[in-house]
Structure formats: structure tokens, C-alpha cells
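Listing of final-v1.pdb; format and content: PDB, C-alpha atoms.
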```pdb
ATOM      1  CA  MET R  26      -2.876  13.931   3.139
ATOM      2  CA  HIS R  27      -1.703  10.598   4.357
ATOM      3  CA  ALA R  28       1.459  10.620   6.469
ATOM      4  CA  ARG R  29       2.335   7.060   5.572
ATOM      5  CA  ARG R  30       5.886   7.202   6.857
ATOM      6  CA  LEU R  31       5.130   8.433  10.391
ATOM      7  CA  LEU R  32       6.739   6.604  13.279
ATOM      8  CA  ILE R  33       4.350   6.531  16.218
ATOM      9  CA  GLY R  34       3.495   4.406  19.217
ATOM     10  CA  ALA R  35       2.789   0.721  18.882
ATOM     11  CA  VAL R  36      -0.672  -0.506  18.043
ATOM     12  CA  PRO R  37      -1.722  -2.912  20.828
ATOM     13  CA  LEU R  38      -2.992  -6.328  19.905
ATOM     14  CA  VAL R  39      -6.022  -7.207  22.022
ATOM     15  CA  LEU R  40      -7.611 -10.629  21.761
ATOM     16  CA  VAL R  41     -11.005 -11.204  23.293
ATOM     17  CA  ALA R  42     -11.849 -14.713  24.434
ATOM     18  CA  THR R  43     -14.984 -16.274  22.978
ATOM     19  CA  ALA R  44     -17.787 -17.679  25.012
ATOM     20  CA  CYS R  45     -17.787 -20.984  23.185
ATOM     21  CA  GLY R  46     -16.468 -23.925  25.156
ATOM     22  CA  GLY R  47     -13.130 -25.378  24.177
ATOM     23  CA  GLU R  48     -11.901 -22.285  22.348
ATOM     24  CA  ASP R  49      -9.033 -20.059  23.319
ATOM     25  CA  ALA R  50      -8.572 -16.346  22.652
ATOM     26  CA  SER R  51      -7.086 -16.999  19.216
ATOM     27  CA  THR R  52     -10.096 -18.801  17.755
ATOM     28  CA  THR R  53     -13.789 -18.228  17.233
ATOM     29  CA  THR R  54     -16.682 -20.044  15.595
ATOM     30  CA  SER R  55     -18.618 -18.971  12.509
ATOM     31  CA  ASP R  56     -22.408 -19.009  12.272
ATOM     32  CA  SER R  57     -22.133 -22.329  10.460
ATOM     33  CA  GLY R  58     -20.091 -23.829  13.270
ATOM     34  CA  LYS R  59     -16.714 -23.661  11.518
ATOM     35  CA  LYS R  60     -13.703 -22.984  13.718
ATOM     36  CA  LEU R  61     -11.885 -19.831  12.621
ATOM     37  CA  ASP R  62      -8.514 -18.306  13.481
ATOM     38  CA  ARG R  63      -8.746 -14.752  14.771
ATOM     39  CA  VAL R  64      -6.444 -12.662  12.603
ATOM     40  CA  THR R  65      -5.539  -8.976  12.781
ATOM     41  CA  LEU R  66      -4.472  -6.983   9.728
ATOM     42  CA  THR R  67      -3.081  -3.477  10.248
ATOM     43  CA  LEU R  68      -3.302  -1.171   7.235
ATOM     44  CA  ASN R  69      -0.779   1.410   6.121
ATOM     45  CA  TRP R  70      -3.135   4.251   7.056
ATOM     46  CA  TYR R  71      -6.732   5.019   7.898
ATOM     47  CA  PRO R  72      -9.067   3.216   5.473
ATOM     48  CA  TYR R  73      -9.338   4.711   1.979
ATOM     49  CA  GLY R  74     -10.380   3.334  -1.417
ATOM     50  CA  GLU R  75      -7.394   1.026  -1.875
ATOM     51  CA  HIS R  76      -8.540  -1.036   1.111
ATOM     52  CA  ALA R  77     -11.983  -1.939  -0.249
ATOM     53  CA  PRO R  78     -11.070  -5.604  -0.955
ATOM     54  CA  PHE R  79     -10.478  -6.334   2.724
ATOM     55  CA  TYR R  80     -13.917  -5.077   3.753
ATOM     56  CA  TYR R  81     -15.592  -6.723   0.767
ATOM     57  CA  GLY R  82     -13.783  -9.979   1.524
ATOM     58  CA  LYS R  83     -15.131  -9.889   5.056
ATOM     59  CA  GLN R  84     -18.647  -9.043   3.901
ATOM     60  CA  GLN R  85     -18.639 -11.826   1.303
ATOM     61  CA  LYS R  86     -17.211 -14.328   3.836
ATOM     62  CA  ILE R  87     -14.126 -14.955   1.698
ATOM     63  CA  PHE R  88     -11.853 -14.839   4.727
ATOM     64  CA  GLU R  89     -14.249 -17.091   6.636
ATOM     65  CA  LYS R  90     -14.051 -19.576   3.754
ATOM     66  CA  HIS R  91     -10.299 -19.757   4.402
ATOM     67  CA  GLY R  92     -10.805 -20.278   8.142
ATOM     68  CA  ILE R  93     -10.064 -16.672   9.113
ATOM     69  CA  ASP R  94     -12.007 -14.282  11.351
ATOM     70  CA  LEU R  95     -10.426 -11.043  10.136
ATOM     71  CA  GLU R  96     -10.154  -7.789  12.076
ATOM     72  CA  VAL R  97      -8.979  -4.865   9.949
ATOM     73  CA  ARG R  98      -7.209  -2.096  11.844
ATOM     74  CA  ALA R  99      -6.293   1.406  10.781
ATOM     75  CA  GLY R 100      -2.588   2.100  10.491
ATOM     76  CA  GLN R 101      -0.597   5.266  10.972
ATOM     77  CA  GLY R 102       2.208   4.975   8.449
ATOM     78  CA  SER R 103       3.820   2.111   6.555
ATOM     79  CA  GLN R 104       6.976   2.213   8.676
ATOM     80  CA  LYS R 105       4.908   1.825  11.826
ATOM     81  CA  THR R 106       2.954  -1.061  10.292
ATOM     82  CA  VAL R 107       6.200  -2.808   9.315
ATOM     83  CA  GLN R 108       7.518  -2.464  12.869
ATOM     84  CA  ALA R 109       4.263  -3.549  14.531
ATOM     85  CA  THR R 110       4.041  -6.603  12.272
ATOM     86  CA  ALA R 111       7.607  -7.640  13.035
ATOM     87  CA  ALA R 112       6.980  -7.207  16.763
ATOM     88  CA  GLY R 113       3.871  -9.406  16.687
ATOM     89  CA  GLN R 114       1.558  -6.550  17.673
ATOM     90  CA  THR R 115      -0.517  -7.446  14.618
ATOM     91  CA  ASP R 116      -0.636 -10.769  12.787
ATOM     92  CA  PHE R 117      -0.282  -9.285   9.310
ATOM     93  CA  GLY R 118       0.382  -5.866   7.843
ATOM     94  CA  TRP R 119      -0.401  -3.951   4.676
ATOM     95  CA  ALA R 120       2.434  -1.586   3.877
ATOM     96  CA  ASP R 121       4.547   0.079   1.219
ATOM     97  CA  THR R 122       7.403  -2.058  -0.099
ATOM     98  CA  PRO R 123      10.037   0.711   0.342
ATOM     99  CA  ALA R 124       9.217   0.747   4.081
ATOM    100  CA  LEU R 125       9.619  -3.046   4.161
ATOM    101  CA  LEU R 126      12.981  -2.871   2.355
ATOM    102  CA  SER R 127      14.213  -0.154   4.677
ATOM    103  CA  GLY R 128      13.040  -2.095   7.742
ATOM    104  CA  VAL R 129      14.752  -5.326   6.698
ATOM    105  CA  ASP R 130      17.879  -3.309   5.918
ATOM    106  CA  GLN R 131      17.823  -2.173   9.560
ATOM    107  CA  GLY R 132      17.332  -5.692  10.916
ATOM    108  CA  VAL R 133      13.545  -5.687  11.358
ATOM    109  CA  LYS R 134      12.284  -9.295  11.277
ATOM    110  CA  VAL R 135       9.542  -9.066   8.661
ATOM    111  CA  LYS R 136       8.915 -10.390   5.151
ATOM    112  CA  SER R 137       6.529  -9.699   2.302
ATOM    113  CA  LEU R 138       3.940 -12.340   1.464
ATOM    114  CA  GLY R 139       3.269 -10.662  -1.856
ATOM    115  CA  VAL R 140       3.016  -7.168  -3.295
ATOM    116  CA  PHE R 141      -0.437  -6.428  -4.712
ATOM    117  CA  LEU R 142       0.169  -2.913  -6.060
ATOM    118  CA  GLN R 143       2.944  -3.834  -8.470
ATOM    119  CA  THR R 144       2.837  -0.659 -10.567
ATOM    120  CA  THR R 145       3.766   2.294  -8.430
ATOM    121  CA  PRO R 146       1.105   4.990  -7.975
ATOM    122  CA  ALA R 147       3.929   7.494  -7.372
ATOM    123  CA  SER R 148       3.221  10.636  -9.359
ATOM    124  CA  VAL R 149       3.405  14.385  -9.629
ATOM    125  CA  GLN R 150      -0.140  15.653  -9.133
ATOM    126  CA  SER R 151      -1.326  19.068 -10.229
ATOM    127  CA  PHE R 152      -4.448  20.839 -11.380
ATOM    128  CA  GLY R 153      -5.031  20.377 -15.095
ATOM    129  CA  ALA R 154      -4.782  24.117 -15.685
ATOM    130  CA  GLU R 155      -1.093  24.009 -14.715
ATOM    131  CA  GLY R 156      -0.344  22.162 -17.945
ATOM    132  CA  ILE R 157       2.040  19.599 -16.452
ATOM    133  CA  SER R 158       1.482  16.732 -18.866
ATOM    134  CA  LYS R 159       5.040  15.531 -19.522
ATOM    135  CA  PRO R 160       8.279  15.471 -17.512
ATOM    136  CA  ALA R 161       9.719  18.465 -19.386
ATOM    137  CA  ASP R 162       6.822  20.576 -18.070
ATOM    138  CA  LEU R 163       8.320  20.284 -14.567
ATOM    139  CA  LYS R 164      11.197  22.635 -15.393
ATOM    140  CA  GLY R 165      10.967  25.789 -13.327
ATOM    141  CA  ARG R 166       8.138  24.418 -11.182
ATOM    142  CA  THR R 167       7.819  24.120  -7.412
ATOM    143  CA  ILE R 168       6.550  20.755  -6.151
ATOM    144  CA  ALA R 169       5.530  19.881  -2.595
ATOM    145  CA  GLY R 170       7.377  16.865  -1.208
ATOM    146  CA  THR R 171       8.268  15.376   2.165
ATOM    147  CA  ALA R 172      11.965  15.004   2.887
ATOM    148  CA  GLY R 173      13.125  11.430   3.363
ATOM    149  CA  ASP R 174      10.052   9.593   2.128
ATOM    150  CA  ALA R 175      10.043   7.164  -0.809
ATOM    151  CA  LEU R 176       8.529   9.724  -3.175
ATOM    152  CA  SER R 177      11.165  12.373  -2.533
ATOM    153  CA  LYS R 178      13.950   9.775  -2.615
ATOM    154  CA  THR R 179      12.895   8.397  -6.009
ATOM    155  CA  PHE R 180      11.949  11.721  -7.635
ATOM    156  CA  PRO R 181      15.592  12.502  -8.586
ATOM    157  CA  ILE R 182      15.789   9.097 -10.322
ATOM    158  CA  PHE R 183      12.574   9.909 -12.206
ATOM    159  CA  LEU R 184      14.007  13.273 -13.299
ATOM    160  CA  LYS R 185      17.310  11.717 -14.371
ATOM    161  CA  LYS R 186      15.556   9.067 -16.471
ATOM    162  CA  ASN R 187      13.743  11.859 -18.284
ATOM    163  CA  GLY R 188      16.767  14.061 -18.877
ATOM    164  CA  ILE R 189      15.890  16.699 -16.277
ATOM    165  CA  GLY R 190      18.358  18.041 -13.726
ATOM    166  CA  GLU R 191      17.445  18.143 -10.052
ATOM    167  CA  SER R 192      18.137  21.875 -10.044
ATOM    168  CA  ASP R 193      15.469  22.371 -12.727
ATOM    169  CA  VAL R 194      12.682  21.581 -10.239
ATOM    170  CA  LYS R 195      12.302  22.977  -6.738
ATOM    171  CA  VAL R 196      10.992  20.482  -4.190
ATOM    172  CA  GLN R 197       9.484  22.383  -1.278
ATOM    173  CA  ASN R 198       9.698  20.388   1.948
ATOM    174  CA  THR R 199       6.142  20.067   3.201
ATOM    175  CA  ASP R 200       4.532  18.067   5.977
ATOM    176  CA  PRO R 201       2.628  15.132   4.421
ATOM    177  CA  ALA R 202      -0.695  16.426   5.720
ATOM    178  CA  GLY R 203      -0.056  19.871   4.219
ATOM    179  CA  LYS R 204       0.821  18.939   0.633
ATOM    180  CA  ILE R 205      -2.732  19.165  -0.707
ATOM    181  CA  ALA R 206      -3.245  22.549   0.969
ATOM    182  CA  ALA R 207       0.009  23.796  -0.588
ATOM    183  CA  VAL R 208      -1.268  23.016  -4.075
ATOM    184  CA  ILE R 209      -4.798  24.332  -3.510
ATOM    185  CA  SER R 210      -3.449  27.608  -2.073
ATOM    186  CA  GLY R 211      -1.069  28.034  -5.019
ATOM    187  CA  LYS R 212       2.093  27.871  -2.888
ATOM    188  CA  THR R 213       3.286  24.991  -5.072
ATOM    189  CA  ASP R 214       2.475  23.945  -8.626
ATOM    190  CA  GLY R 215       1.936  20.315  -7.663
ATOM    191  CA  LEU R 216       2.792  17.624  -5.163
ATOM    192  CA  LEU R 217       4.526  14.281  -4.975
ATOM    193  CA  GLY R 218       1.857  11.754  -4.064
ATOM    194  CA  TYR R 219       0.049   8.557  -4.945
ATOM    195  CA  ALA R 220      -2.405   8.554  -7.827
ATOM    196  CA  SER R 221      -4.636   6.170  -5.875
ATOM    197  CA  ASP R 222      -4.694   8.398  -2.805
ATOM    198  CA  GLN R 223      -4.175  12.166  -2.633
ATOM    199  CA  GLY R 224      -5.319  13.126  -6.142
ATOM    200  CA  PRO R 225      -8.994  12.180  -5.800
ATOM    201  CA  THR R 226      -9.127  13.939  -2.411
ATOM    202  CA  MET R 227      -7.525  17.094  -3.805
ATOM    203  CA  GLN R 228      -9.926  17.089  -6.739
ATOM    204  CA  ASP R 229     -12.905  16.711  -4.386
ATOM    205  CA  LYS R 230     -11.736  19.530  -2.102
ATOM    206  CA  ALA R 231     -10.918  22.008  -4.872
ATOM    207  CA  LYS R 232     -13.626  20.947  -7.339
ATOM    208  CA  LYS R 233     -11.026  21.177 -10.088
ATOM    209  CA  PRO R 234      -9.675  18.341 -12.258
ATOM    210  CA  VAL R 235      -6.329  16.886 -11.226
ATOM    211  CA  SER R 236      -3.780  15.536 -13.698
ATOM    212  CA  TYR R 237      -1.125  12.928 -12.949
ATOM    213  CA  LEU R 238       2.426  12.557 -14.174
ATOM    214  CA  ARG R 239       2.996   8.936 -13.208
ATOM    215  CA  PHE R 240       6.505   7.664 -12.620
ATOM    216  CA  SER R 241       5.535   4.290 -14.113
ATOM    217  CA  GLU R 242       4.522   5.861 -17.423
ATOM    218  CA  HIS R 243       7.849   7.657 -17.768
ATOM    219  CA  GLY R 244      10.495   5.011 -17.213
ATOM    220  CA  LEU R 245      10.432   4.299 -13.476
ATOM    221  CA  ASN R 246       8.451   1.529 -11.822
ATOM    222  CA  PHE R 247       8.761  -0.246  -8.474
ATOM    223  CA  TYR R 248       6.609  -2.242  -6.099
ATOM    224  CA  SER R 249       4.160  -0.435  -3.803
ATOM    225  CA  ASN R 250       1.774  -1.843  -1.172
ATOM    226  CA  GLY R 251       1.491  -5.471  -0.181
ATOM    227  CA  LEU R 252       0.885  -8.053   2.521
ATOM    228  CA  LEU R 253       3.523  -8.804   5.134
ATOM    229  CA  ALA R 254       4.134 -10.929   8.216
ATOM    230  CA  GLY R 255       6.675 -11.134  10.994
ATOM    231  CA  GLN R 256       9.195 -13.930  10.828
ATOM    232  CA  LYS R 257       7.814 -15.434  14.051
ATOM    233  CA  ILE R 258       4.392 -16.112  12.551
ATOM    234  CA  LEU R 259       6.054 -17.458   9.395
ATOM    235  CA  ALA R 260       8.047 -19.896  11.525
ATOM    236  CA  THR R 261       5.231 -21.003  13.832
ATOM    237  CA  LYS R 262       2.104 -20.638  11.658
ATOM    238  CA  PRO R 263       3.132 -21.012   8.000
ATOM    239  CA  GLU R 264      -0.158 -22.721   7.155
ATOM    240  CA  LEU R 265      -2.107 -19.708   8.466
ATOM    241  CA  ALA R 266       0.100 -17.402   6.396
ATOM    242  CA  ARG R 267      -0.649 -19.422   3.255
ATOM    243  CA  ARG R 268      -4.391 -19.251   3.958
ATOM    244  CA  MET R 269      -4.154 -15.494   4.513
ATOM    245  CA  VAL R 270      -2.360 -15.024   1.182
ATOM    246  CA  ALA R 271      -4.992 -17.099  -0.604
ATOM    247  CA  ALA R 272      -7.854 -15.229   1.082
ATOM    248  CA  VAL R 273      -6.434 -11.783   0.328
ATOM    249  CA  SER R 274      -5.812 -12.708  -3.318
ATOM    250  CA  GLU R 275      -9.357 -14.045  -3.664
ATOM    251  CA  ALA R 276     -10.798 -10.936  -1.992
ATOM    252  CA  TRP R 277      -8.944  -8.687  -4.449
ATOM    253  CA  THR R 278     -10.154 -10.776  -7.380
ATOM    254  CA  ALA R 279     -13.750 -10.537  -6.174
ATOM    255  CA  ALA R 280     -13.533  -6.793  -5.471
ATOM    256  CA  ALA R 281     -12.073  -6.105  -8.923
ATOM    257  CA  LYS R 282     -15.123  -7.754 -10.461
ATOM    258  CA  ALA R 283     -17.530  -5.746  -8.280
ATOM    259  CA  PRO R 284     -15.884  -2.369  -7.550
ATOM    260  CA  GLY R 285     -19.130  -0.606  -6.644
ATOM    261  CA  PRO R 286     -20.236  -3.130  -4.002
ATOM    262  CA  ALA R 287     -16.635  -3.377  -2.767
ATOM    263  CA  VAL R 288     -16.514   0.358  -2.055
ATOM    264  CA  THR R 289     -19.969   0.250  -0.454
ATOM    265  CA  ALA R 290     -18.699  -2.474   1.880
ATOM    266  CA  MET R 291     -16.406   0.138   3.448
ATOM    267  CA  GLN R 292     -19.297   2.086   4.974
ATOM    268  CA  GLY R 293     -18.600   2.697   8.665
ATOM    269  CA  ALA R 294     -14.976   1.547   8.398
ATOM    270  CA  SER R 295     -13.619   4.770   9.907
ATOM    271  CA  GLU R 296     -14.673   8.223  11.036
ATOM    272  CA  GLN R 297     -11.990   9.546   8.664
ATOM    273  CA  LEU R 298     -13.420   7.676   5.669
ATOM    274  CA  PRO R 299     -13.441   9.835   2.509
ATOM    275  CA  PRO R 300     -16.723  10.457   0.628
ATOM    276  CA  GLU R 301     -17.907   7.500  -1.471
ATOM    277  CA  SER R 302     -17.145   9.346  -4.707
ATOM    278  CA  VAL R 303     -13.520   9.733  -3.611
ATOM    279  CA  LEU R 304     -13.343   6.113  -2.456
ATOM    280  CA  SER R 305     -14.659   4.978  -5.837
ATOM    281  CA  GLU R 306     -12.054   6.956  -7.759
ATOM    282  CA  GLN R 307      -9.279   5.819  -5.429
ATOM    283  CA  PHE R 308     -10.236   2.168  -5.910
ATOM    284  CA  ALA R 309     -10.667   2.527  -9.671
ATOM    285  CA  THR R 310      -7.120   3.858  -9.888
ATOM    286  CA  THR R 311      -5.858   1.141  -7.545
ATOM    287  CA  LEU R 312      -7.169  -1.523  -9.916
ATOM    288  CA  THR R 313      -4.802  -0.213 -12.612
ATOM    289  CA  LEU R 314      -1.819  -0.982 -10.383
ATOM    290  CA  LEU R 315      -2.221  -4.712  -9.759
ATOM    291  CA  HIS R 316       0.240  -6.139 -12.269
ATOM    292  CA  THR R 317       3.463  -5.731 -14.164
ATOM    293  CA  GLU R 318       3.983  -7.141 -17.651
ATOM    294  CA  ALA R 319       5.356 -10.290 -16.007
ATOM    295  CA  THR R 320       2.233 -10.967 -13.913
ATOM    296  CA  GLU R 321      -0.550  -9.716 -16.209
ATOM    297  CA  GLY R 322      -3.456 -12.188 -16.155
ATOM    298  CA  GLN R 323      -2.291 -13.917 -12.973
ATOM    299  CA  ALA R 324      -3.918 -13.857  -9.537
ATOM    300  CA  PRO R 325      -3.526 -10.617  -7.539
ATOM    301  CA  GLY R 326      -0.447 -10.805  -5.327
ATOM    302  CA  THR R 327       1.528 -13.006  -7.706
ATOM    303  CA  ASN R 328       5.115 -11.734  -7.762
ATOM    304  CA  THR R 329       8.263 -12.499  -9.721
ATOM    305  CA  GLU R 330      11.857 -12.451  -8.570
ATOM    306  CA  ALA R 331      12.804 -10.123 -11.445
ATOM    307  CA  ASP R 332      10.236  -7.492 -10.384
ATOM    308  CA  TRP R 333      11.469  -7.746  -6.807
ATOM    309  CA  GLN R 334      15.065  -7.285  -7.911
ATOM    310  CA  GLN R 335      14.145  -4.225  -9.941
ATOM    311  CA  THR R 336      12.489  -2.675  -6.882
ATOM    312  CA  ILE R 337      15.475  -3.451  -4.655
ATOM    313  CA  ASP R 338      17.801  -1.881  -7.242
ATOM    314  CA  VAL R 339      15.709   1.314  -7.403
ATOM    315  CA  PHE R 340      15.781   1.833  -3.648
ATOM    316  CA  ALA R 341      19.443   0.971  -3.399
ATOM    317  CA  GLU R 342      20.051   3.739  -5.960
ATOM    318  CA  ALA R 343      17.747   6.043  -3.978
ATOM    319  CA  GLY R 344      19.778   5.444  -0.811
ATOM    320  CA  MET R 345      16.930   3.842   1.137
ATOM    321  CA  VAL R 346      18.624   0.427   1.178
ATOM    322  CA  ALA R 347      22.229   0.636   2.308
ATOM    323  CA  SER R 348      23.019  -3.080   2.092
ATOM    324  CA  PRO R 349      20.898  -4.763  -0.610
ATOM    325  CA  LYS R 350      20.154  -8.408   0.131
ATOM    326  CA  ALA R 351      18.924 -11.363  -1.903
ATOM    327  CA  VAL R 352      15.264 -11.259  -2.912
ATOM    328  CA  ALA R 353      14.469 -14.142  -0.526
ATOM    329  CA  GLU R 354      15.463 -11.940   2.432
ATOM    330  CA  TYR R 355      12.516  -9.621   1.675
ATOM    331  CA  TRP R 356       9.956 -11.952   0.060
ATOM    332  CA  ASP R 357       8.808 -15.212   1.676
ATOM    333  CA  THR R 358       8.560 -17.508  -1.320
ATOM    334  CA  LYS R 359       7.345 -20.435   0.816
ATOM    335  CA  THR R 360       3.958 -18.837   1.380
ATOM    336  CA  ALA R 361       3.708 -16.371  -1.507
ATOM    337  CA  LEU R 362       2.126 -16.666  -4.940
ATOM    338  CA  LYS R 363       4.903 -16.947  -7.513
ATOM    339  CA  GLY R 364       4.747 -16.038 -11.171
TER     340      GLY R 364
END
```
Using C-alpha cells, write down the structure from this file.
Amino acid sequence: MHARRLLIGAVPLVLVATACGGEDASTTTSDSGKKLDRVTLTLNWYPYGEHAPFYYGKQQKIFEKHGIDLEVRAGQGSQKTVQATAAGQTDFGWADTPALLSGVDQGVKVKSLGVFLQTTPASVQSFGAEGISKPADLKGRTIAGTAGDALSKTFPIFLKKNGIGESDVKVQNTDPAGKIAAVISGKTDGLLGYASDQGPTMQDKAKKPVSYLRFSEHGLNFYSNGLLAGQKILATKPELARRMVAAVSEAWTAAAKAPGPAVTAMQGASEQLPPESVLSEQFATTLTLLHTEATEGQAPGTNTEADWQQTIDVFAEAGMVASPKAVAEYWDTKTALKG
């Protein structure tokens, strides 16, 4: 459903000057008289359940507490968000780590401020009646995938780790937006997607239960979505970056404690917003992805160098990173939360 890897035109950054005396276009004033920095955050896609913490954080004035007047913008693919963030067309981005790694590999000036979805939601999704409950059940099946994206690039590694040959499973090249339709129509037995994204939508459309064969539960894990900033803002406004990291982490903590209200806070976020039942399931699944064994019990967004290295190694093996660099080239440890 979500074409997260699309490369499209730049998202313009428009700042509107406030009417309050003494302020410039980059600041505003809260109802209590506190001066706030105007900050834009561009998502990886149109709003869906995973993004609830940003809207809840705004509603609960968590960002305001950290001196931030946040504007959340829809994205149109993680690669595009990575590029727009590096170019300064948005202050911060929310994007998939593989897109960040690939961008840095190509010289894009951007760094992660912390990955929040530390267990990958990558999975094979199928209707329960198909009986795909373990990797061996994939033999002889046809799965919808999109050539060149992180899912299709890592699927062969997943198969190898589970003793299955690539030739045992047919991956049918399918446009990202058409994968759900391919499964519902019976053209494929399942799809490569994110457990926190396509599955709940497919289940809602077909009114049939969806099962998930998660990569992370069968020997393959890597970092997924997180917060990022361009190197220019890190050089000129490191204090703002630290406040943004703290605010986002606090917003995720608050939303995890109140998932129902967090999802409700998304009302009106987008004309493309999924039904609330889908949003709720998407966010519930998202909350299972926040940690690895190394960061369990720590604040959302807390990363470790070992987890980063594991992710870099996976995507080097997958061919998405041609020249692997040191962890510090991808992750800004000066502003990030460290485990």
C-alpha cells in the first residue's frame, strides 16, 4: 500500500511569519507566552498508526514543553524524506534506516538521531487460510515484492538463514501500491510488507485474518524507522536537535502508556488516514518494535553501537550499502540517546 521508497519532487519548506513583535519566521509564541522554535517534521509516508506519538505529543504539549512548535508533514517515501532532510527542505525527517544508509553511502549529508523501531516489522503477510506459519511453508509459494526495496533485498538473507533456497520461492515484482490487491485477488499467496502497516489494512479490506511471518522472529533483525536531521542543522543548531530527540522520546513514552488517546489524536491528520480500527492495530504492532534486547527498558530512541553495526552489516550483505562506513557516519552520537 505504501510506496515508501518512491523518489518524487521536493517537499517545499514554507515558514509563515508570526504577528508578534520581535519574532522572526522561525519562532512563535505559545499561549503561555513561551518562545518556541518552529520545527517541521516530514514523515516517511502519509500518516498511519505508527505516527500516533507525534500527534499525541503535539496535543499533550510535549513538544511545546521542549520549546518546539511542531508541524508534522506527510511524506512520500523514505528515500524522498532522507533527501529532503539533507537538503534542508524540512528540519527533521522520519524514515527507514535502510534508506538512510543508502543515502549516506551515496554522499547524502544526513544522520540518524536515533532509531525508534529497532525490531524490524519486515514480514511475509498472508491470509491465515494459506497456512504460512513457518519459513518452510514458503516453499513453492508466490510472494508479491517490489524490486530494489529493502524488503526484497533482505528476503534472500531471510531465506538463507532458514535453509531455504531463493529458487524455492517465487517473488513476483509488484508495484508497492498493488501488493495488497495481488494477495486479495489470489494472484500471489502473500506479500513482503511491514507488520505495522500493510497487514491491518489488508485484513480490513478483505475481512479475513492476516498472519505474519516476521523476519525478526526467524533469525534476521535490523533497524527500521527513526528520526533524522541534515548535517547543516546538526552543525548550526545542535541544541535544537537535542531538544527534538528528547521531545520525540517523551512523546513515544506517553503514547505507549495511552495508545487509545494517542490514536484518537490523529483525527483529521490526513484525508488518506486509515479507519481508526486499522490505526489502532497498526500502533499496537508498532509498540512491539521499540527495543532490542540491548535497549529493553530504556527510553524510546535509545540506540547501541552494536545494534547499528548489525544493521549496517545486513544491508552491506544485501547490496544496499556498497561502502560500509563507521557507525558514527550514520548515527549522530552527540545528540542521540545512547544505551
Selection: 10 Å around R:Ala124, all atoms listed in the file, excl. self and same-chain fewer than 3 positions, as a list of chain:residue names:
R:Arg29, R:Arg30, R:Gly102, R:Ser103, R:Gln104, R:Lys105, R:Thr106, R:Val107, R:Gln108, R:Ala120, R:Asp121, R:Ser127, R:Gly128, R:Val129, R:Asp130, R:Asp174, R:Ala175, R:Ser249, R:Asn250, R:Met345, R:Val346
Could you list the residues chosen by the PyMOL selection byres ((chain R and resi 227) around 10) in this structure as a count of residues only?
23
Set the distance at 9 Å and use all atoms listed in the file: which residues neighbour stretch 165-167 of chain R once local chain neighbours fewer than 2 positions away are removed? I'd like the list as a list in words.
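Neighbouring residues, sequence-local ones excluded: Asp162, Leu163, Ala169, Ser192, Asp193, Val194, Lys195, Val196, Gln197, Lys212, Thr213, Asp214, Gly215 and Leu216 of chain R.
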What is the distance between atom CA of R:Ala309 and atom CA of R:Pro284, in Å to one decimal?
7.5 Å
Just so the selection is clear, what residues does the PyMOL selection byres ((chain R and resi 323-336) around 6) cover here, as a list in words?
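Applied to this file, the PyMOL selection byres ((chain R and resi 323-336) around 6) selects Gly139, Val140, Phe141, Phe247, Tyr248, Ser274, Thr320, Glu321, Gly322, Ile337, Asp338, Val339, Leu362, Lys363 and Gly364 of chain R.
Closest to R:Ala99 among R:Glu191, R:Glu296, R:Asp62, R:Glu155 is R:Glu296, based on all atoms listed in the file.
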Hey, which of R:Glu89, R:Trp70, R:Gly153, R:Ala280 ends up closest to R:Thr52? Count all atoms listed in the file.
R:Glu89
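Atom pair atom CA of R:Trp277 / atom CA of R:Thr317 has a distance of 16.0 Å (rounded to one decimal).
Ranking R:Ala207, R:Leu126, R:Leu217, R:Val273 by their shortest atom-to-atom distance to R:Tyr237, with only C-alpha atoms included, puts R:Leu217 first.
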Using only C-alpha atoms, pick whichever of R:Gly82, R:Thr145, R:Leu252, R:Leu61 has the shortest atom-to-atom distance to R:Thr278.
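Closest to R:Thr278, using only C-alpha atoms: R:Gly82.
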